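Enquirer: If it helps, the file is called work39.tsv and holds TSV, C-alpha atoms:
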chain	number	residue	atom	x	y	z
K	1	VAL	CA	-23.95	80.83	-31.17
K	2	GLN	CA	-26.54	80.66	-28.42
K	3	LEU	CA	-26.06	78.19	-25.60
K	4	GLN	CA	-28.84	76.84	-23.43
K	5	ALA	CA	-27.99	75.30	-20.07
K	6	SER	CA	-30.54	73.05	-18.42
K	7	GLY	CA	-30.90	70.33	-15.82
K	8	GLY	CA	-30.64	72.25	-12.59
K	9	GLY	CA	-32.98	71.84	-9.68
K	10	PHE	CA	-33.35	71.16	-5.98
K	11	LEU	CA	-31.60	67.99	-4.84
K	12	GLN	CA	-30.59	66.18	-1.70
K	13	ALA	CA	-26.98	65.69	-0.73
K	14	GLY	CA	-25.69	62.43	-2.13
K	15	GLY	CA	-27.91	62.67	-5.18
K	16	SER	CA	-27.03	63.06	-8.83
K	17	LEU	CA	-27.81	65.45	-11.62
K	18	ARG	CA	-27.16	65.80	-15.31
K	19	LEU	CA	-26.66	69.23	-16.77
K	20	SER	CA	-26.97	69.76	-20.51
K	21	CYS	CA	-25.56	72.49	-22.69
K	22	ALA	CA	-27.29	72.79	-26.04
K	23	ALA	CA	-26.02	74.95	-28.88
K	24	SER	CA	-28.09	76.75	-31.49
K	25	GLN	CA	-25.70	75.56	-34.19
K	26	THR	CA	-24.19	72.15	-34.73
K	27	MET	CA	-21.08	71.66	-32.66
K	28	ARG	CA	-18.46	70.33	-35.03
K	29	GLY	CA	-14.78	70.48	-35.73
K	30	LEU	CA	-12.56	71.77	-32.97
K	31	TYR	CA	-14.17	73.33	-29.94
K	32	SER	CA	-14.13	73.40	-26.18
K	33	VAL	CA	-17.15	73.47	-23.91
K	34	ALA	CA	-16.87	74.20	-20.22
K	35	TRP	CA	-19.01	74.37	-17.14
K	36	PHE	CA	-18.46	77.08	-14.58
K	37	ARG	CA	-20.45	77.79	-11.46
K	38	GLN	CA	-21.05	80.75	-9.24
K	39	ALA	CA	-22.30	80.46	-5.69
K	40	PRO	CA	-23.88	83.43	-3.91
K	41	GLY	CA	-21.23	85.91	-2.86
K	42	LYS	CA	-18.45	84.02	-4.60
K	43	GLU	CA	-16.56	84.35	-7.84
K	44	ARG	CA	-17.31	82.20	-10.84
K	45	GLU	CA	-15.23	79.04	-10.73
K	46	PHE	CA	-14.27	76.37	-13.21
K	47	VAL	CA	-16.00	73.01	-12.86
K	48	ALA	CA	-15.25	70.93	-15.95
K	49	ALA	CA	-14.41	71.27	-19.62
K	50	GLY	CA	-14.11	69.15	-22.70
K	51	SER	CA	-11.94	69.83	-25.71
K	52	PHE	CA	-13.32	68.14	-28.78
K	53	GLY	CA	-11.66	67.52	-32.12
K	54	TRP	CA	-13.68	65.51	-34.63
K	55	SER	CA	-13.89	62.03	-33.06
K	56	ILE	CA	-11.76	62.62	-29.99
K	57	GLY	CA	-12.27	64.46	-26.75
K	58	THR	CA	-10.35	65.35	-23.63
K	59	ALA	CA	-11.99	66.21	-20.33
K	60	TYR	CA	-10.70	68.31	-17.47
K	61	TYR	CA	-12.18	68.63	-14.00
K	62	ALA	CA	-11.76	70.86	-11.01
K	63	ASP	CA	-10.41	69.08	-7.97
K	64	SER	CA	-13.68	69.77	-6.17
K	65	VAL	CA	-15.66	67.56	-8.58
K	66	LYS	CA	-13.01	65.16	-9.86
K	67	GLY	CA	-13.94	61.54	-9.36
K	68	ARG	CA	-17.65	62.20	-9.09
K	69	SER	CA	-18.28	64.01	-12.36
K	70	ALA	CA	-18.23	63.02	-16.00
K	71	LEU	CA	-18.43	65.15	-19.11
K	72	SER	CA	-19.88	63.72	-22.29
K	73	ARG	CA	-20.87	64.80	-25.76
K	74	ASP	CA	-24.13	63.78	-27.42
K	75	SER	CA	-23.71	64.51	-31.11
K	76	ALA	CA	-27.25	63.42	-31.94
K	77	LYS	CA	-28.73	65.96	-29.53
K	78	ASN	CA	-25.98	68.53	-30.10
K	79	THR	CA	-25.30	68.81	-26.40
K	80	VAL	CA	-22.41	68.56	-23.99
K	81	ASN	CA	-23.50	67.08	-20.69
K	82	LEU	CA	-22.12	67.11	-17.18
K	83	GLN	CA	-23.06	64.26	-14.88
K	84	MET	CA	-22.44	64.99	-11.22
K	85	ASN	CA	-22.80	62.38	-8.51
K	86	SER	CA	-22.48	62.39	-4.73
K	87	LEU	CA	-23.72	65.95	-4.62
K	88	LYS	CA	-22.72	68.13	-1.69
K	89	PRO	CA	-24.29	71.30	-0.32
K	90	GLU	CA	-21.20	73.16	-1.51
K	91	ASP	CA	-22.18	72.27	-5.07
K	92	THR	CA	-25.03	74.77	-4.74
K	93	ALA	CA	-24.55	77.43	-7.40
K	94	VAL	CA	-25.71	78.73	-10.73
K	95	TYR	CA	-24.06	76.60	-13.38
K	96	TYR	CA	-23.07	78.15	-16.71
K	97	CYS	CA	-21.86	76.52	-19.86
K	98	ALA	CA	-19.45	78.26	-22.19
K	99	ALA	CA	-17.96	77.45	-25.56
K	100	LYS	CA	-14.86	78.28	-27.54
K	101	TRP	CA	-15.13	77.58	-31.25
K	102	ASP	CA	-12.70	76.63	-34.01
K	103	THR	CA	-9.95	75.57	-31.64
K	104	THR	CA	-9.36	73.52	-28.53
K	105	LEU	CA	-8.07	75.04	-25.33
K	106	SER	CA	-5.11	73.83	-23.34
K	107	ILE	CA	-5.36	72.35	-19.89
K	108	SER	CA	-4.60	75.74	-18.36
K	109	ALA	CA	-6.70	77.81	-20.73
K	110	VAL	CA	-9.90	75.79	-20.27
K	111	ARG	CA	-10.11	77.08	-16.69
K	112	ARG	CA	-10.17	80.75	-17.73
K	113	PRO	CA	-13.61	82.29	-18.32
K	114	ASP	CA	-12.12	84.96	-20.60
K	115	LYS	CA	-11.11	82.31	-23.14
K	116	TYR	CA	-14.68	81.48	-24.16
K	117	ASP	CA	-16.72	83.00	-26.98
K	118	ASP	CA	-20.28	82.24	-25.89
K	119	TRP	CA	-22.08	81.66	-22.62
K	120	GLY	CA	-25.39	80.15	-21.66
K	121	GLN	CA	-27.81	81.79	-19.27
K	122	GLY	CA	-27.14	79.54	-16.28
K	123	THR	CA	-29.15	76.92	-14.45
K	124	LEU	CA	-29.57	76.89	-10.68
K	125	VAL	CA	-28.53	73.85	-8.68
K	126	THR	CA	-29.47	73.73	-5.01
K	127	VAL	CA	-28.23	70.87	-2.85
K	128	SER	CA	-29.69	70.51	0.61
K	129	SER	CA	-27.99	68.67	3.45
How does this structure look as structure tokens?
Expert:
Amino acid sequence: VQLQASGGGFLQAGGSLRLSCAASQTMRGLYSVAWFRQAPGKEREFVAAGSFGWSIGTAYYADSVKGRSALSRDSAKNTVNLQMNSLKPEDTAVYYCAAKWDTTLSISAVRRPDKYDDWGQGTLVTVSS
């Protein structure tokens, strides 16, 4: 399944953005979709993830974005979206979405990049102070 991440750009600190992860096939059944980010010179880090099972969903967030981020699923558009508010310069990174199909990941597993089947190409977010 191909994933397409979009929504990045150049923003001012304190602003908001909405990242979208679109899949080439309908997202259905049990699956988990996550957002990771990688800043220049740093390792890829977990940002947020949602585990979806039919009509329910559970979201997990990194401490660095908790309280100012919200993950949502748009079934009509076949996307999983990440809304981030109160942006900080340290949010500057390339953001990647990833998906694990046919199961949902546990609260510990969702944070591990090696648990995901497919990855999008990344979208750059730059936050200026």
Enquirer: Pick out the closest residue to Pro40 of chain K from this set: K:Leu3, K:Val94, K:Val127, K:Ala22. Count all atoms listed in the file.
Expert: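 Of K:Leu3, K:Val94, K:Val127, K:Ala22, the one nearest Pro40 of chain K is K:Val94, counting all atoms listed in the file.
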Enquirer: Just how far from atom CA of Thr103 of chain K is atom CA of Gly8 of chain K, in Å to one decimal?
Expert: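 If I compute the distance from atom CA of Gly8 of chain K to atom CA of Thr103 of chain K, I get 28.3 Å.
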Enquirer: Using all atoms listed in the file, which residue out of K:Lys42, K:Lys88, K:Arg28, K:Arg37 lies closest to Ala13 of chain K?
Expert: K:Lys88
Enquirer: Name the residues in contact with Thr26 of chain K at a cut-off of 10 Å, using all atoms listed in the file, excluding same-chain residues fewer than 4 positions from it; report them as a list in words.
Expert: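 The filter keeps Val1, Ala22, Ser75, Ala76, Lys77, Asn78 and Thr79 of chain K.
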Enquirer: Rounded to one decimal place, report the atom CA of Gly50 of chain K-atom CA of Thr92 of chain K distance in Å.
Expert: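 Result for atom CA of Gly50 of chain K versus atom CA of Thr92 of chain K: 21.8 Å, one decimal.
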Enquirer: Suppose you want the space between atom CA of Gln2 of chain K and atom CA of Lys66 of chain K; what is it in Å?
Expert: 27.7 Å
Enquirer: At a cut-off of 6 Å, using only C-alpha atoms, what residues contact Met84 of chain K? Leave out same-chain residues fewer than 4 positions from it and give the result as a VMD selection string.
Expert: chain K and resid 16 to 17 68 to 69
Enquirer: Rank nothing, just name the residue among K:Arg111, K:Ser128, K:Leu82, K:Gln4 nearest to Phe46 of chain K, using all atoms listed in the file.
Expert: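 Among the listed residues, the smallest separation from Phe46 of chain K belongs to K:Arg111.
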Enquirer: Could you check the closest approach to Leu71 of chain K for each of K:Pro89, K:Ser32, K:Ser108, K:Tyr116 and tell me which residue wins, using all atoms listed in the file?
Expert: K:Ser32
Enquirer: As a ChimeraX atom specification, please: the residues near Thr123 of chain K (cut-off 7 Å, all atoms listed in the file, same-chain neighbours under 5 positions excluded).
Expert: /K:5-8,94-96
Enquirer: Nearest to Cys21 of chain K among K:Ser64, K:Ser51, K:Ser72, K:Asn81, with distances taken over all atoms listed in the file: which residue is it?
Expert: K:Asn81
